[in-house]
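Colleague: Just one file: my_file-v3.cif, with mmCIF, C-alpha atoms (C1' of nucleotides).
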```cif
data_final
#
loop_
_atom_site.label_atom_id
_atom_site.label_comp_id
_atom_site.auth_asym_id
_atom_site.auth_seq_id
_atom_site.Cartn_x
_atom_site.Cartn_y
_atom_site.Cartn_z
CA MET A 11 16.78 4.16 -13.25
CA ILE A 12 18.64 7.04 -11.68
CA SER A 13 18.92 10.26 -13.62
CA GLN A 14 21.99 11.60 -15.35
CA LYS A 15 21.85 14.37 -12.78
CA SER A 16 22.40 11.86 -9.98
CA ARG A 17 25.35 10.34 -11.75
CA TYR A 18 26.89 13.78 -12.22
CA ALA A 19 26.22 14.64 -8.58
CA LEU A 20 27.93 11.50 -7.30
CA ARG A 21 30.94 11.98 -9.56
CA ALA A 22 31.33 15.59 -8.49
CA LEU A 23 31.05 14.67 -4.83
CA LEU A 24 33.59 11.88 -5.16
CA LEU A 25 35.99 14.39 -6.66
CA LEU A 26 35.43 16.77 -3.74
CA ALA A 27 35.81 13.94 -1.25
CA ALA A 28 39.20 13.13 -2.73
CA GLN A 29 40.60 16.64 -1.97
CA GLU A 30 42.19 17.73 1.26
CA PRO A 31 39.21 18.54 3.50
CA GLY A 32 37.88 22.11 3.23
CA LYS A 33 39.81 23.01 0.10
CA PRO A 34 37.38 24.45 -2.46
CA VAL A 35 37.33 23.31 -6.08
CA GLN A 36 35.82 25.51 -8.75
CA ILE A 37 32.81 24.47 -10.81
CA ALA A 38 34.77 24.86 -14.01
CA ASP A 39 37.48 22.49 -12.77
CA ILE A 40 35.02 19.84 -11.64
CA ALA A 41 33.16 20.15 -14.93
CA LYS A 42 36.35 19.72 -16.91
CA GLN A 43 37.79 16.82 -14.95
CA GLU A 44 34.54 14.90 -14.76
CA ASN A 45 33.32 15.89 -18.20
CA ILE A 46 30.06 17.38 -16.96
CA PRO A 47 28.26 20.27 -18.73
CA ARG A 48 29.30 23.30 -16.74
CA LYS A 49 25.97 25.06 -16.36
CA PHE A 50 24.17 21.87 -15.54
CA LEU A 51 26.70 21.08 -12.82
CA GLU A 52 26.18 24.56 -11.47
CA ALA A 53 22.49 23.82 -10.90
CA ILE A 54 23.26 20.48 -9.30
CA LEU A 55 25.70 21.96 -6.83
CA VAL A 56 23.21 24.63 -5.77
CA GLU A 57 20.74 21.85 -5.09
CA LEU A 58 23.28 19.94 -3.04
CA LYS A 59 24.05 23.06 -1.09
CA LYS A 60 20.59 23.59 0.40
CA PRO A 61 20.67 20.43 2.52
CA GLY A 62 24.31 21.07 3.43
CA ILE A 63 25.95 18.32 1.40
CA VAL A 64 28.33 20.90 -0.03
CA ARG A 65 29.45 24.35 1.02
CA SER A 66 30.13 27.18 -1.42
CA HIS A 67 32.77 29.93 -1.37
CA ARG A 68 31.95 32.90 -3.56
CA GLY A 69 34.15 35.33 -5.37
CA ARG A 70 37.70 34.89 -6.54
CA GLN A 71 39.43 31.72 -5.38
CA GLY A 72 35.98 30.44 -4.54
CA GLY A 73 34.52 27.07 -5.32
CA TYR A 74 32.86 24.16 -3.61
CA SER A 75 33.87 21.81 -0.80
CA LEU A 76 32.02 19.12 1.12
CA GLY A 77 29.58 20.40 3.71
CA ARG A 78 30.39 17.64 6.19
CA ALA A 79 32.72 14.69 6.63
CA ALA A 80 32.88 12.41 3.61
CA LYS A 81 32.05 9.42 5.78
CA ASP A 82 28.78 11.13 6.75
CA ILE A 83 27.54 11.50 3.18
CA SER A 84 25.89 8.34 1.90
CA PHE A 85 24.92 7.46 -1.65
CA ALA A 86 21.33 7.38 -0.39
CA ASP A 87 21.62 10.98 0.82
CA VAL A 88 22.69 12.12 -2.62
CA LEU A 89 20.16 10.11 -4.62
CA ARG A 90 17.30 11.32 -2.43
CA ILE A 91 18.22 14.91 -3.24
CA THR A 92 18.80 14.56 -6.94
CA ASP A 93 16.24 11.86 -7.76
CA GLY A 94 13.69 11.93 -4.96
CA PRO A 95 12.67 8.99 -2.78
CA LEU A 96 14.35 5.61 -3.17
CA ALA A 97 11.01 3.87 -2.76
CA LEU A 98 9.24 2.29 -5.72
CA SER A 99 5.90 3.67 -4.54
CA PRO A 100 4.96 6.76 -2.52
CA CYS A 101 3.14 4.51 -0.06
CA VAL A 102 6.38 2.83 1.00
CA SER A 103 8.54 5.93 1.12
CA VAL A 104 9.86 6.81 4.56
CA MET A 105 11.12 10.27 3.60
CA ALA A 106 8.11 11.26 1.45
CA TYR A 107 5.16 9.05 2.32
CA ARG A 108 1.97 9.57 0.32
CA LYS A 109 -1.01 7.29 0.08
CA CYS A 110 -1.67 5.79 -3.35
CA GLU A 111 -4.64 7.64 -4.88
CA ASP A 112 -6.85 4.66 -5.46
CA CYS A 113 -5.71 2.21 -2.80
CA PHE A 114 -8.55 0.38 -1.08
CA ASP A 115 -6.82 -0.78 2.08
CA GLU A 116 -3.14 -0.13 2.46
CA SER A 117 -2.72 -2.55 5.36
CA VAL A 118 -3.78 -5.44 3.13
CA CYS A 119 -2.17 -4.44 -0.17
CA VAL A 120 0.19 -7.18 -1.35
CA ILE A 121 1.81 -4.90 -3.90
CA ARG A 122 2.75 -2.55 -1.11
CA LYS A 123 4.22 -5.41 0.95
CA ALA A 124 6.52 -6.38 -1.89
CA LEU A 125 7.59 -2.83 -2.65
CA LEU A 126 8.21 -2.18 1.02
CA ALA A 127 10.60 -5.11 1.25
CA ALA A 128 12.35 -3.86 -1.88
CA ARG A 129 12.68 -0.34 -0.51
CA ASP A 130 14.09 -1.54 2.79
CA SER A 131 16.83 -3.55 1.19
CA THR A 132 17.90 -0.86 -1.27
CA ALA A 133 17.83 1.79 1.43
CA GLN A 134 19.94 -0.38 3.69
CA ILE A 135 22.52 -0.88 0.95
CA LEU A 136 22.69 2.71 -0.30
CA GLU A 137 22.78 4.16 3.20
CA SER A 138 25.74 1.98 4.08
CA ARG A 139 27.87 3.32 1.21
CA ASN A 140 29.51 6.66 1.87
CA LEU A 141 31.89 8.95 -0.01
CA ALA A 142 34.88 8.25 2.24
CA ALA A 143 34.71 4.50 1.75
CA ALA A 144 34.20 4.98 -1.98
CA VAL A 145 37.31 7.17 -2.26
CA THR A 146 39.36 4.62 -0.36
CA GLN A 147 38.14 1.97 -2.77
CA LEU A 148 39.15 4.12 -5.73
CA ARG A 149 42.63 4.73 -4.28
CA ARG A 150 43.16 1.01 -3.74
CA ALA A 151 42.20 0.36 -7.35
CA GLY A 152 44.68 3.00 -8.52
CA ALA A 153 41.89 4.87 -10.30
CA ILE A 154 42.74 8.00 -8.45
CA MET B 28 9.05 4.88 -8.58
CA ILE B 29 7.01 2.40 -10.53
CA SER B 30 4.47 3.74 -13.01
CA GLN B 31 0.72 3.80 -12.63
CA LYS B 32 0.72 1.32 -15.50
CA SER B 33 2.63 -1.20 -13.40
CA ARG B 34 0.26 -0.79 -10.51
CA TYR B 35 -2.71 -1.37 -12.84
CA ALA B 36 -1.01 -4.39 -14.38
CA LEU B 37 -0.36 -6.01 -11.01
CA ARG B 38 -3.89 -5.38 -9.81
CA ALA B 39 -5.39 -6.81 -12.99
CA LEU B 40 -3.17 -9.87 -12.79
CA LEU B 41 -4.02 -10.47 -9.15
CA LEU B 42 -7.68 -10.43 -10.11
CA LEU B 43 -7.04 -12.96 -12.87
CA ALA B 44 -4.99 -15.12 -10.52
CA ALA B 45 -7.91 -15.25 -8.12
CA GLN B 46 -10.26 -16.83 -10.72
CA GLU B 47 -10.62 -20.53 -11.40
CA PRO B 48 -7.69 -21.26 -13.74
CA GLY B 49 -8.42 -20.74 -17.44
CA LYS B 50 -11.67 -18.86 -16.96
CA PRO B 51 -11.53 -15.62 -18.98
CA VAL B 52 -12.53 -12.27 -17.52
CA GLN B 53 -13.49 -9.41 -19.78
CA ILE B 54 -11.56 -6.16 -19.92
CA ALA B 55 -14.65 -4.19 -18.98
CA ASP B 56 -15.14 -6.29 -15.83
CA ILE B 57 -11.54 -5.99 -14.72
CA ALA B 58 -11.67 -2.26 -15.37
CA LYS B 59 -14.81 -1.86 -13.32
CA GLN B 60 -13.76 -4.01 -10.38
CA GLU B 61 -10.27 -2.56 -10.14
CA ASN B 62 -11.24 0.95 -11.10
CA ILE B 63 -8.84 1.16 -14.04
CA PRO B 64 -9.51 3.29 -17.17
CA ARG B 65 -10.85 0.80 -19.66
CA LYS B 66 -8.86 1.78 -22.72
CA PHE B 67 -5.65 2.11 -20.79
CA LEU B 68 -6.12 -1.36 -19.33
CA GLU B 69 -6.68 -2.65 -22.83
CA ALA B 70 -3.24 -1.45 -23.87
CA ILE B 71 -1.63 -2.92 -20.77
CA LEU B 72 -3.14 -6.34 -21.36
CA VAL B 73 -1.96 -6.39 -24.96
CA GLU B 74 1.53 -5.67 -23.69
CA LEU B 75 1.30 -8.46 -21.12
CA LYS B 76 0.12 -10.80 -23.82
CA LYS B 77 3.22 -10.63 -26.01
CA PRO B 78 5.51 -12.30 -23.45
CA GLY B 79 2.77 -14.78 -22.54
CA ILE B 80 1.87 -13.46 -19.11
CA VAL B 81 -1.79 -13.46 -20.14
CA ARG B 82 -3.78 -15.21 -22.84
CA SER B 83 -6.68 -13.61 -24.73
CA HIS B 84 -9.94 -15.12 -25.97
CA ARG B 85 -11.66 -13.15 -28.69
CA GLY B 86 -15.30 -12.83 -29.63
CA ARG B 87 -18.35 -13.24 -27.48
CA GLN B 88 -17.70 -14.66 -24.02
CA GLY B 89 -14.08 -13.73 -24.58
CA GLY B 90 -11.71 -12.04 -22.18
CA TYR B 91 -8.34 -12.58 -20.55
CA SER B 92 -6.85 -15.30 -18.41
CA LEU B 93 -3.36 -15.98 -17.09
CA GLY B 94 -0.93 -17.32 -19.65
CA ARG B 95 0.77 -19.66 -17.19
CA ALA B 96 0.48 -20.85 -13.60
CA ALA B 97 0.09 -18.01 -11.10
CA LYS B 98 3.04 -19.32 -9.11
CA ASP B 99 5.22 -18.87 -12.19
CA ILE B 100 4.48 -15.18 -12.59
CA SER B 101 6.64 -13.02 -10.34
CA PHE B 102 6.27 -9.35 -9.52
CA ALA B 103 9.64 -8.86 -11.17
CA ASP B 104 8.32 -10.38 -14.42
CA VAL B 105 5.47 -7.89 -14.50
CA LEU B 106 7.49 -4.82 -13.56
CA ARG B 107 10.12 -5.59 -16.17
CA ILE B 108 7.44 -5.58 -18.88
CA THR B 109 5.54 -2.50 -17.79
CA ASP B 110 8.40 -0.42 -16.42
CA GLY B 111 11.55 -1.78 -17.96
CA PRO B 112 14.65 -2.99 -16.09
CA LEU B 113 14.68 -3.11 -12.29
CA ALA B 114 18.25 -1.82 -12.25
CA LEU B 115 19.05 1.75 -11.23
CA SER B 116 21.54 2.09 -14.08
CA PRO B 117 21.76 0.45 -17.50
CA CYS B 118 25.29 -0.73 -16.63
CA VAL B 119 23.95 -2.99 -13.86
CA SER B 120 20.93 -4.32 -15.69
CA VAL B 121 21.02 -8.05 -16.36
CA MET B 122 18.07 -8.07 -18.77
CA ALA B 123 19.02 -4.89 -20.66
CA TYR B 124 22.70 -4.14 -20.11
CA ARG B 125 24.08 -0.98 -21.69
CA LYS B 126 27.33 0.79 -20.93
CA CYS B 127 27.01 4.26 -19.43
CA GLU B 128 27.83 6.81 -22.14
CA ASP B 129 30.67 8.57 -20.37
CA CYS B 130 32.02 5.90 -18.05
CA PHE B 131 35.80 5.81 -17.88
CA ASP B 132 36.36 2.32 -16.54
CA GLU B 133 33.35 0.26 -15.57
CA SER B 134 35.39 -2.28 -13.62
CA VAL B 135 36.53 0.39 -11.21
CA CYS B 136 33.37 2.54 -10.95
CA VAL B 137 32.25 2.76 -7.33
CA ILE B 138 28.85 4.10 -8.32
CA ARG B 139 28.28 0.99 -10.36
CA LYS B 140 29.32 -1.26 -7.47
CA ALA B 141 26.71 0.31 -5.21
CA LEU B 142 23.96 0.21 -7.81
CA LEU B 143 24.78 -3.39 -8.61
CA ALA B 144 24.33 -4.42 -4.99
CA ALA B 145 21.04 -2.54 -4.91
CA ARG B 146 19.80 -4.20 -8.07
CA ASP B 147 20.69 -7.68 -6.86
CA SER B 148 18.76 -7.30 -3.65
CA THR B 149 15.63 -5.83 -5.25
CA ALA B 150 15.68 -8.44 -8.00
CA GLN B 151 16.00 -11.20 -5.44
CA ILE B 152 13.01 -9.89 -3.50
CA LEU B 153 10.73 -9.16 -6.45
CA GLU B 154 11.52 -12.44 -8.17
CA SER B 155 10.59 -14.36 -5.05
CA ARG B 156 7.07 -12.86 -4.92
CA ASN B 157 4.57 -14.46 -7.25
CA LEU B 158 0.87 -14.05 -7.99
CA ALA B 159 -0.19 -17.34 -6.35
CA ALA B 160 1.45 -16.50 -3.04
CA ALA B 161 0.00 -13.01 -3.17
CA VAL B 162 -3.54 -14.32 -3.73
CA THR B 163 -3.16 -16.71 -0.82
CA GLN B 164 -2.06 -13.82 1.32
CA LEU B 165 -5.11 -11.79 0.26
CA ARG B 166 -7.47 -14.68 1.05
CA ARG B 167 -5.98 -15.10 4.51
CA ALA B 168 -6.49 -11.38 5.15
CA GLY B 169 -10.11 -11.70 4.07
CA ALA B 170 -9.55 -9.03 1.42
CA ILE B 171 -10.84 -11.33 -1.25
"C1'" DC C 14 38.79 51.14 -5.17
"C1'" DA C 15 38.18 49.19 -9.53
"C1'" DT C 16 38.85 45.03 -11.86
"C1'" DT C 17 38.36 40.33 -12.25
"C1'" DA C 18 36.90 35.82 -11.03
"C1'" DT C 19 33.67 33.28 -9.16
"C1'" DT C 20 29.05 31.66 -7.46
"C1'" DC C 21 23.92 32.59 -7.76
"C1'" DC C 22 19.31 33.28 -9.90
"C1'" DT C 23 15.70 33.05 -13.49
"C1'" DA C 24 14.11 31.68 -17.79
"C1'" DT C 25 13.87 28.90 -21.83
"C1'" DT C 26 14.49 25.08 -24.95
"C1'" DG C 27 13.66 20.52 -27.37
"C1'" DA C 28 13.04 15.82 -26.74
"C1'" DC C 29 10.88 12.47 -24.40
"C1'" DT C 30 7.63 9.89 -21.24
"C1'" DC C 31 3.18 9.17 -18.85
"C1'" DG C 32 -1.52 8.63 -18.34
"C1'" DA C 33 -5.42 8.73 -20.80
"C1'" DT C 34 -8.77 8.94 -24.77
"C1'" DA C 35 -10.85 8.13 -29.49
"C1'" DG C 36 -12.27 5.58 -33.38
"C1'" DG C 37 -12.56 2.06 -36.05
"C1'" DG C 38 -10.74 -2.94 -37.60
"C1'" DT C 39 -11.08 -7.99 -36.78
"C1'" DA C 40 -12.34 -12.32 -34.87
"C1'" DT C 41 -15.72 -15.36 -32.49
"C1'" DT C 42 -20.02 -17.09 -31.07
"C1'" DG C 43 -25.03 -17.54 -30.42
"C1'" DC D 9 -25.43 -12.34 -39.58
"C1'" DA D 10 -25.38 -9.45 -35.81
"C1'" DA D 11 -23.76 -8.68 -31.37
"C1'" DT D 12 -19.83 -8.92 -28.51
"C1'" DA D 13 -15.48 -8.92 -27.46
"C1'" DC D 14 -10.36 -8.10 -28.39
"C1'" DC D 15 -6.92 -5.50 -31.56
"C1'" DC D 16 -4.47 -1.57 -33.75
"C1'" DT D 17 -3.10 3.21 -34.65
"C1'" DA D 18 -3.14 7.84 -33.63
"C1'" DT D 19 -3.42 11.65 -30.73
"C1'" DC D 20 -3.54 14.65 -26.53
"C1'" DG D 21 -1.92 17.61 -22.55
"C1'" DA D 22 0.93 17.73 -18.82
"C1'" DG D 23 5.04 16.88 -16.88
"C1'" DT D 24 10.13 15.73 -16.54
"C1'" DC D 25 14.98 15.60 -18.16
"C1'" DA D 26 19.19 17.40 -19.88
"C1'" DA D 27 21.11 21.27 -21.30
"C1'" DT D 28 21.88 26.31 -22.39
"C1'" DA D 29 21.85 31.46 -21.87
"C1'" DG D 30 22.41 35.84 -19.72
"C1'" DG D 31 23.18 38.52 -16.29
"C1'" DA D 32 23.21 39.83 -10.89
"C1'" DA D 33 25.58 39.39 -6.55
"C1'" DT D 34 29.80 38.70 -4.09
"C1'" DA D 35 34.60 38.39 -2.79
"C1'" DA D 36 39.59 38.60 -3.47
"C1'" DT D 37 43.43 41.07 -5.47
"C1'" DG D 38 46.43 44.49 -7.69
#
```
Kindly present the structure from the file in structure tokens form.
Modeller:
Amino acid sequence: MISQKSRYALRALLLLAAQEPGKPVQIADIAKQENIPRKFLEAILVELKKPGIVRSHRGRQGGYSLGRAAKDISFADVLRITDGPLALSPCVSVMAYRKCEDCFDESVCVIRKALLAARDSTAQILESRNLAAAVTQLRRAGAI
Amino acid sequence: MISQKSRYALRALLLLAAQEPGKPVQIADIAKQENIPRKFLEAILVELKKPGIVRSHRGRQGGYSLGRAAKDISFADVLRITDGPLALSPCVSVMAYRKCEDCFDESVCVIRKALLAARDSTAQILESRNLAAAVTQLRRAGAI
DNA sequence: CATTATTCCTATTGACTCGATAGGGTATTG
DNA sequence: CAATACCCTATCGAGTCAATAGGAATAATG
């Protein structure tokens, strides 16, 4: 299960992706429109800022905008930041590999083989979905 | 990420699947061979018993054996019991569907569409892997 | 240049889950 | 009937999740 934080992050980013590029939107506005607790959203956006997913503009008339083209921000990118690795086990994570504490022989572990296959397919799917395509989809559906 | 509990459960079940069918193995032996905390394993096996994954035999010479053919126990079956739904969101879970609290219109949600695709592919993979096939694989690798 | 509007930083909270442990109850068998 | 196993309930500390609070730093504007 993904966290509530991830859901909020995706919703906020979709809202930003739907603006004219570069135009900042204020935290308070995002929070209101997407019905996200303001202070919580604040923390999420700071987290998304570090890896450059969003860019911030301080002071009056400030706010947040996307840090790069919407088509270059995948769902996988976002979930990895807000929820950690997509993998079901550290031993099959590409971004954050870690050996299982008590694993006898990783190269023979059948559990690992199954979880690796699962990781690869989810990663492939979530990396192929990006904010731009999602916004287009929303426009077509008239939900935006 | 799957829980430590799930990892223990799978390891214990693989051990049971490697025995001659119907022959019970005692908790203490499983715990020792697989290096699992005894009391914790006890709780896991009780949980696996309810849905019939394993069968228990009380009293002297008792122990646990598989509750049905090894080929009829998938990794997905086990993970669903020990870790809950495979889905990344309640709204895309087949076994435990639940609407997201603050979702405006589920039929239009692009987040849901992505998570649904992810769920389907993981479910397909984890349902196709069963204990019998895994044991065969281990035997071939000489790890058993 | 002061005021105002905004993001940024640190800390804290309560509820919950995870992994593990403890102790005794209950059934079966030799 | 006693030893051997599974069964049940309760508890623990550590960690995470979602949310809240208060104020510091920064930038635009009149």
Colleague: Restricting the calculation to only C-alpha atoms (C1' of nucleotides), which member of A:Ala79, A:Ala128, A:Leu24, A:Leu55 is positioned closest to chain C?
Modeller: A:Leu55
Colleague: Taking the file as shown, what set of residues would the PyMOL selection byres ((chain B) within 9 of (chain C)) give back, as a ChimeraX atom specification?
Modeller: /B:30-32,64,66-67,84-89
Colleague: Take the residues from that selection and write them out as a JSON list (two decimals), in the coordinates of the input, keeping C-alpha atoms.
Modeller:
```json
[["chain", "number", "residue", "atom", "x", "y", "z"],
["B", 30, "SER", "CA", 4.47, 3.74, -13.01],
["B", 31, "GLN", "CA", 0.72, 3.80, -12.63],
["B", 32, "LYS", "CA", 0.72, 1.32, -15.50],
["B", 64, "PRO", "CA", -9.51, 3.29, -17.17],
["B", 66, "LYS", "CA", -8.86, 1.78, -22.72],
["B", 67, "PHE", "CA", -5.65, 2.11, -20.79],
["B", 84, "HIS", "CA", -9.94, -15.12, -25.97],
["B", 85, "ARG", "CA", -11.66, -13.15, -28.69],
["B", 86, "GLY", "CA", -15.30, -12.83, -29.63],
["B", 87, "ARG", "CA", -18.35, -13.24, -27.48],
["B", 88, "GLN", "CA", -17.70, -14.66, -24.02],
["B", 89, "GLY", "CA", -14.08, -13.73, -24.58]]
```
Colleague: Please check the contacts: residues of chain B at most 6 Å away from chain A, using all atoms listed in the file, listed as a list in words.
Modeller: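 Within 6 Å of chain A on chain B, we get Met28, Ile29, Leu115, Ser116, Ala145 and Thr149 of chain B.
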Colleague: Keeping only C-alpha atoms, write the selected residues as a PDB file, keeping the file's coordinate frame.
Modeller:
```pdb
ATOM      1  CA  MET B  28       9.050   4.880  -8.580  1.00  0.00           C
ATOM      2  CA  ILE B  29       7.010   2.400 -10.530  1.00  0.00           C
ATOM      3  CA  LEU B 115      19.050   1.750 -11.230  1.00  0.00           C
ATOM      4  CA  SER B 116      21.540   2.090 -14.080  1.00  0.00           C
ATOM      5  CA  ALA B 145      21.040  -2.540  -4.910  1.00  0.00           C
ATOM      6  CA  THR B 149      15.630  -5.830  -5.250  1.00  0.00           C
TER       7      THR B 149
END
```
Colleague: Just to confirm, what's the straight-line distance from atom CA of Asp39 of chain A to atom C1' of DG31 of chain D in Å (one decimal)?
Modeller: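 Computed distance, atom CA of Asp39 of chain A to atom C1' of DG31 of chain D, equals 21.8 Å.
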Colleague: List the residues matched by the PyMOL selection byres ((chain D) within 7 of (chain B)) in the displayed structure as a PyMOL selection string, ordered by chain and then by residue number.
Modeller: chain D and resi 12-14
Colleague: For Ile80 of chain B, work out the shell of residues within 7 Å, counting only C-alpha atoms (C1' of nucleotides) and skipping chain neighbours fewer than 3 positions away, then give it as a count of residues only.
Modeller: 5
Colleague: Mind giving me the straight-line distance from atom C1' of DA22 of chain D to atom CA of Glu111 of chain A in Å, one decimal?
Modeller: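 About the pair atom C1' of DA22 of chain D and atom CA of Glu111 of chain A: they are 18.1 Å apart.
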Colleague: For atom CA of Ser84 of chain A and atom CA of Thr146 of chain A, quote the distance in Å rounded to one decimal.
Modeller: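 For atom CA of Ser84 of chain A relative to atom CA of Thr146 of chain A, the distance reads 14.2 Å.
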Colleague: Complete the atom set of segment 118-143 of chain A to N, CA and C atoms and return it as a PDB file, in the coordinates of the input.
Modeller:
```pdb
ATOM      1  N   VAL A 118      -3.549  -4.121   3.690  1.00  0.00           N
ATOM      2  CA  VAL A 118      -3.780  -5.440   3.130  1.00  0.00           C
ATOM      3  C   VAL A 118      -3.138  -5.582   1.741  1.00  0.00           C
ATOM      4  N   CYS A 119      -2.669  -4.462   1.206  1.00  0.00           N
ATOM      5  CA  CYS A 119      -2.170  -4.440  -0.170  1.00  0.00           C
ATOM      6  C   CYS A 119      -0.896  -5.271  -0.330  1.00  0.00           C
ATOM      7  N   VAL A 120      -0.968  -6.304  -1.167  1.00  0.00           N
ATOM      8  CA  VAL A 120       0.190  -7.180  -1.350  1.00  0.00           C
ATOM      9  C   VAL A 120       1.264  -6.530  -2.215  1.00  0.00           C
ATOM     10  N   ILE A 121       0.836  -5.628  -3.081  1.00  0.00           N
ATOM     11  CA  ILE A 121       1.810  -4.900  -3.900  1.00  0.00           C
ATOM     12  C   ILE A 121       2.688  -4.059  -2.977  1.00  0.00           C
ATOM     13  N   ARG A 122       2.023  -3.373  -2.066  1.00  0.00           N
ATOM     14  CA  ARG A 122       2.750  -2.550  -1.110  1.00  0.00           C
ATOM     15  C   ARG A 122       3.749  -3.387  -0.298  1.00  0.00           C
ATOM     16  N   LYS A 123       3.331  -4.556   0.156  1.00  0.00           N
ATOM     17  CA  LYS A 123       4.220  -5.410   0.950  1.00  0.00           C
ATOM     18  C   LYS A 123       5.494  -5.728   0.191  1.00  0.00           C
ATOM     19  N   ALA A 124       5.350  -6.049  -1.083  1.00  0.00           N
ATOM     20  CA  ALA A 124       6.520  -6.380  -1.890  1.00  0.00           C
ATOM     21  C   ALA A 124       7.419  -5.170  -2.091  1.00  0.00           C
ATOM     22  N   LEU A 125       6.803  -4.035  -2.394  1.00  0.00           N
ATOM     23  CA  LEU A 125       7.590  -2.830  -2.650  1.00  0.00           C
ATOM     24  C   LEU A 125       8.265  -2.310  -1.387  1.00  0.00           C
ATOM     25  N   LEU A 126       7.623  -2.584  -0.257  1.00  0.00           N
ATOM     26  CA  LEU A 126       8.210  -2.180   1.020  1.00  0.00           C
ATOM     27  C   LEU A 126       9.486  -2.968   1.301  1.00  0.00           C
ATOM     28  N   ALA A 127       9.416  -4.269   1.057  1.00  0.00           N
ATOM     29  CA  ALA A 127      10.600  -5.110   1.250  1.00  0.00           C
ATOM     30  C   ALA A 127      11.723  -4.657   0.334  1.00  0.00           C
ATOM     31  N   ALA A 128      11.354  -4.320  -0.915  1.00  0.00           N
ATOM     32  CA  ALA A 128      12.350  -3.860  -1.880  1.00  0.00           C
ATOM     33  C   ALA A 128      12.987  -2.558  -1.418  1.00  0.00           C
ATOM     34  N   ARG A 129      12.162  -1.630  -0.992  1.00  0.00           N
ATOM     35  CA  ARG A 129      12.680  -0.340  -0.510  1.00  0.00           C
ATOM     36  C   ARG A 129      13.653  -0.535   0.637  1.00  0.00           C
ATOM     37  N   ASP A 130      13.249  -1.366   1.617  1.00  0.00           N
ATOM     38  CA  ASP A 130      14.090  -1.540   2.790  1.00  0.00           C
ATOM     39  C   ASP A 130      15.470  -2.058   2.435  1.00  0.00           C
ATOM     40  N   SER A 131      15.522  -2.995   1.509  1.00  0.00           N
ATOM     41  CA  SER A 131      16.830  -3.550   1.190  1.00  0.00           C
ATOM     42  C   SER A 131      17.688  -2.575   0.388  1.00  0.00           C
ATOM     43  N   THR A 132      17.093  -1.859  -0.547  1.00  0.00           N
ATOM     44  CA  THR A 132      17.900  -0.860  -1.270  1.00  0.00           C
ATOM     45  C   THR A 132      18.359   0.243  -0.337  1.00  0.00           C
ATOM     46  N   ALA A 133      17.464   0.721   0.500  1.00  0.00           N
ATOM     47  CA  ALA A 133      17.830   1.790   1.430  1.00  0.00           C
ATOM     48  C   ALA A 133      18.985   1.340   2.311  1.00  0.00           C
ATOM     49  N   GLN A 134      18.885   0.122   2.806  1.00  0.00           N
ATOM     50  CA  GLN A 134      19.940  -0.380   3.690  1.00  0.00           C
ATOM     51  C   GLN A 134      21.291  -0.380   2.972  1.00  0.00           C
ATOM     52  N   ILE A 135      21.270  -0.809   1.726  1.00  0.00           N
ATOM     53  CA  ILE A 135      22.520  -0.880   0.950  1.00  0.00           C
ATOM     54  C   ILE A 135      23.066   0.512   0.634  1.00  0.00           C
ATOM     55  N   LEU A 136      22.214   1.390   0.140  1.00  0.00           N
ATOM     56  CA  LEU A 136      22.690   2.710  -0.300  1.00  0.00           C
ATOM     57  C   LEU A 136      23.020   3.627   0.872  1.00  0.00           C
ATOM     58  N   GLU A 137      22.432   3.349   2.023  1.00  0.00           N
ATOM     59  CA  GLU A 137      22.780   4.160   3.200  1.00  0.00           C
ATOM     60  C   GLU A 137      24.118   3.722   3.805  1.00  0.00           C
ATOM     61  N   SER A 138      24.490   2.485   3.503  1.00  0.00           N
ATOM     62  CA  SER A 138      25.740   1.980   4.080  1.00  0.00           C
ATOM     63  C   SER A 138      26.965   2.390   3.260  1.00  0.00           C
ATOM     64  N   ARG A 139      26.741   2.892   2.050  1.00  0.00           N
ATOM     65  CA  ARG A 139      27.870   3.320   1.210  1.00  0.00           C
ATOM     66  C   ARG A 139      28.072   4.823   1.325  1.00  0.00           C
ATOM     67  N   ASN A 140      29.264   5.220   1.737  1.00  0.00           N
ATOM     68  CA  ASN A 140      29.510   6.660   1.870  1.00  0.00           C
ATOM     69  C   ASN A 140      30.701   7.095   1.029  1.00  0.00           C
ATOM     70  N   LEU A 141      30.851   8.385   0.866  1.00  0.00           N
ATOM     71  CA  LEU A 141      31.890   8.950  -0.010  1.00  0.00           C
ATOM     72  C   LEU A 141      33.300   8.564   0.429  1.00  0.00           C
ATOM     73  N   ALA A 142      33.537   8.562   1.752  1.00  0.00           N
ATOM     74  CA  ALA A 142      34.880   8.250   2.240  1.00  0.00           C
ATOM     75  C   ALA A 142      35.286   6.836   1.843  1.00  0.00           C
ATOM     76  N   ALA A 143      34.417   5.889   2.093  1.00  0.00           N
ATOM     77  CA  ALA A 143      34.710   4.500   1.750  1.00  0.00           C
ATOM     78  C   ALA A 143      34.912   4.346   0.244  1.00  0.00           C
TER      79      ALA A 143
END
```
